[in-house]
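*Asks:* Sharing a structure with you now.
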Amino acid sequence: MGDRPLIYGGLCLFVALVTFPVWKGVAAQSSTKGPEVKAVVDKKQCVAPRAYMREAHMELLVAWRDGKVRRQERHYTARDGTVYNVSLTGTCLTQCHGSKEKFCDSCHEYAGVSAPNCWGCHTSPPAEPAKMAAAAAGEMR
Amino acid sequence: MAALVAVPLLASAAGVGKGILLVGIPYAAFAIFLGGLCWRVVGWARSPVPFRIPTTCGQQTSLPWIKSAPLDNPSTGLGAVGRMALEVLLFRSLFRNNRAEIYDQRYVFGDSKWLWLGALAFHWSLLVILLRHLRLFVQPVPAFVLFMGKVDSFFQIGAPALYLSNVVVLCALAYLLLRRLWDLRLRYISQFSDYFALLLLLGTALTGVLMRYGTRVDVVAVKRLAIGLATFQPVVPDGVGIVFLIHLLMVSALAAYFPFSKLVHMGGVFLSPTRNLANNSRMKRHVNPWNYPVKTHTYAEWEEEFRDKLLMAEIPLDEAKHD
């Protein structure tokens, strides 16, 4: 009876919370355009079909990691017979996709996907090969 | 020639069909959800609750030297708020659940916390999952959503990382369904609507889990669709896949079914007068506001009416008038 203002207030609060994406999106003028990603190098073919890579690249990368680290599988033969060197920094980023910031992050940030610990080990943007060799040589000594 | 006509026609029909499935049905379902829920809550708000009718689950506040239960039998508004908070956040009434069984011809009566645990696990993980979905509806993704996702995938099992809430919600739903099937007494009182709600939720959760860990989905395409829906500029992206479609349609069915089913306890739990009222009937007089003026005839009036007759019969009078 006397609680009607309270009830209607609570209902309004609920509706406002549920429609948060609506008024937030309208206020921020969110566009329905997805992020634009572009490989740095104009290659037609990735190691697997584009649709597969878009949805399941993490599966492939985890398989690469496990194969290389645990079973010393350093080469990956694509379905079309091309052999790739198994390396996120060396092959994926250096040869085609540029850097994490330019390629990976655009979609990952858009969709709110925190990359699983890839970048705890891998570097991006790829260090120059000469410097890497020098660094490796420095460590050797 | 026929193919030349038929192919674009089929394609446009498929486009329209996709538009209905991905845009039309979700909009309709969400409109029904919001409209229906408001209609239900307004209906409850308009229902008269003239008196205090709380269920009492503890000692009422009375004399100062009698210990009262301020949360289980609140006498103040603040106590009622506390009681509601316990109910809504921690399901206190389910915690009191108990169970009687006959073991070896003995009647055994004891606590049964499993329902409480299952319900609590299900509802809280559902809330976490719903909030996590904001990452698909809001751009840029709010920080608390990202934080929740990080905590939820704390153990970083696999890629994409396993969300603990997904495991919990599936286990809890499976338990809540199995207990209905397993327990004969419970199965006897279970209705279609009980199973329907559970199976819809289970189906939604399963397709969601399947998309994340199994068949995969193009998350960017899904987010474009979600933002398009949220900002009223719907787009129908390619390549969202059949599992996503099932997921979306199940959620839509759940949303549209929500206000007219037992699921509406989400709103109803706040408005149950047996729980949200302070038990202060002995401290405060609650007068029914639509009491009409009752015609009364008091003893004094009656005595006045028959005074001479009473006097003649020598019946003693309350109000002696000496004339």
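Residue numbering restarts at 1 in every chain; chains get A, B, ... in the order shown in the structure tokens, and ligands count up from 1 in that same order.
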List every residue of range 82-228 of chain B that DSSP, applied to the backbone of this structure, places in strand (DSSP E), and write the result as a count of residues only.
*Replies:* 12
*Asks:* Please identify all residues of chain B having at least one atom at most 9 Å from any atom of chain A, considering only C-alpha atoms, and return them as a ChimeraX atom specification.
*Replies:* /B:34,38,41-42,45-50,134-142,145-146,149-150,156,158-161,215-221,223-235,239,267,270-271
*Asks:* Pick out the residues sitting within 6 Å of range 164-171 of chain B, and hand them over as a PDB file with all heavy atoms, in the first residue's frame; count only C-alpha atoms, and ignore anything fewer than 3 positions along from it in its own chain.
*Replies:*
```pdb
ATOM      1  N   PHE B 122      23.783 -22.219  -8.288  1.00  0.00           N
ATOM      2  CA  PHE B 122      23.196 -21.916  -9.588  1.00  0.00           C
ATOM      3  C   PHE B 122      22.949 -20.420  -9.748  1.00  0.00           C
ATOM      4  O   PHE B 122      23.365 -19.810 -10.735  1.00  0.00           O
ATOM      5  CB  PHE B 122      21.882 -22.680  -9.774  1.00  0.00           C
ATOM      6  CG  PHE B 122      21.043 -22.100 -10.865  1.00  0.00           C
ATOM      7  CD1 PHE B 122      21.456 -22.203 -12.175  1.00  0.00           C
ATOM      8  CD2 PHE B 122      19.881 -21.406 -10.578  1.00  0.00           C
ATOM      9  CE1 PHE B 122      20.711 -21.624 -13.187  1.00  0.00           C
ATOM     10  CE2 PHE B 122      19.138 -20.830 -11.581  1.00  0.00           C
ATOM     11  CZ  PHE B 122      19.556 -20.945 -12.883  1.00  0.00           C
ATOM     12  N   SER B 125      26.199 -18.242  -9.910  1.00  0.00           N
ATOM     13  CA  SER B 125      26.979 -18.392 -11.142  1.00  0.00           C
ATOM     14  C   SER B 125      26.203 -17.844 -12.334  1.00  0.00           C
ATOM     15  O   SER B 125      26.800 -17.293 -13.261  1.00  0.00           O
ATOM     16  CB  SER B 125      27.386 -19.846 -11.364  1.00  0.00           C
ATOM     17  OG  SER B 125      26.287 -20.689 -11.251  1.00  0.00           O
ATOM     18  N   ASP B 152      37.198 -15.213 -12.958  1.00  0.00           N
ATOM     19  CA  ASP B 152      36.457 -16.419 -13.285  1.00  0.00           C
ATOM     20  C   ASP B 152      37.346 -17.442 -13.998  1.00  0.00           C
ATOM     21  O   ASP B 152      37.155 -18.654 -13.845  1.00  0.00           O
ATOM     22  CB  ASP B 152      35.271 -16.038 -14.174  1.00  0.00           C
ATOM     23  CG  ASP B 152      34.118 -16.996 -14.020  1.00  0.00           C
ATOM     24  OD1 ASP B 152      34.304 -18.015 -13.344  1.00  0.00           O
ATOM     25  OD2 ASP B 152      33.045 -16.733 -14.577  1.00  0.00           O
ATOM     26  N   ALA B 174      22.525 -29.566 -13.230  1.00  0.00           N
ATOM     27  CA  ALA B 174      22.393 -31.022 -13.322  1.00  0.00           C
ATOM     28  C   ALA B 174      21.865 -31.566 -12.001  1.00  0.00           C
ATOM     29  O   ALA B 174      20.972 -32.424 -11.979  1.00  0.00           O
ATOM     30  CB  ALA B 174      23.741 -31.652 -13.666  1.00  0.00           C
TER      31      ALA B 174
END
```
*Asks:* Taking the DSSP secondary structure from the backbone, can you list the residues of chain A that are helix (DSSP H, G or I), as a PyMOL selection string?
*Replies:* chain A and resi 4-18+20-27+50-71+88-97+100-110+118-120+129-140
*Asks:* Smallest atom-to-atom distance to Gly82 in chain B: which of B:Arg275, B:Met312, B:Val236, B:Asn98, using only C-alpha atoms?
*Replies:*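 Of B:Arg275, B:Met312, B:Val236, B:Asn98, the one nearest Gly82 in chain B is B:Arg275, counting only C-alpha atoms.
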*Asks:* One number please: CA of Arg180 in chain B to CA of Tyr257 in chain B, in Å, one decimal.
*Replies:*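 CA of Tyr257 in chain B lies 20.8 Å from CA of Arg180 in chain B.
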*Asks:* Determine the nearest neighbour of Leu162 in chain B from the options B:Leu210, B:Ser272, B:Leu117, B:Ala197, counting only C-alpha atoms.
*Replies:*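 The closest residue to Leu162 in chain B is B:Leu210.
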*Asks:* Rounded to one decimal, what separation in Å do you get between CA of Leu37 in chain B and CA of Ser252 in chain B?
*Replies:*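 A separation of 14.6 Å between them.
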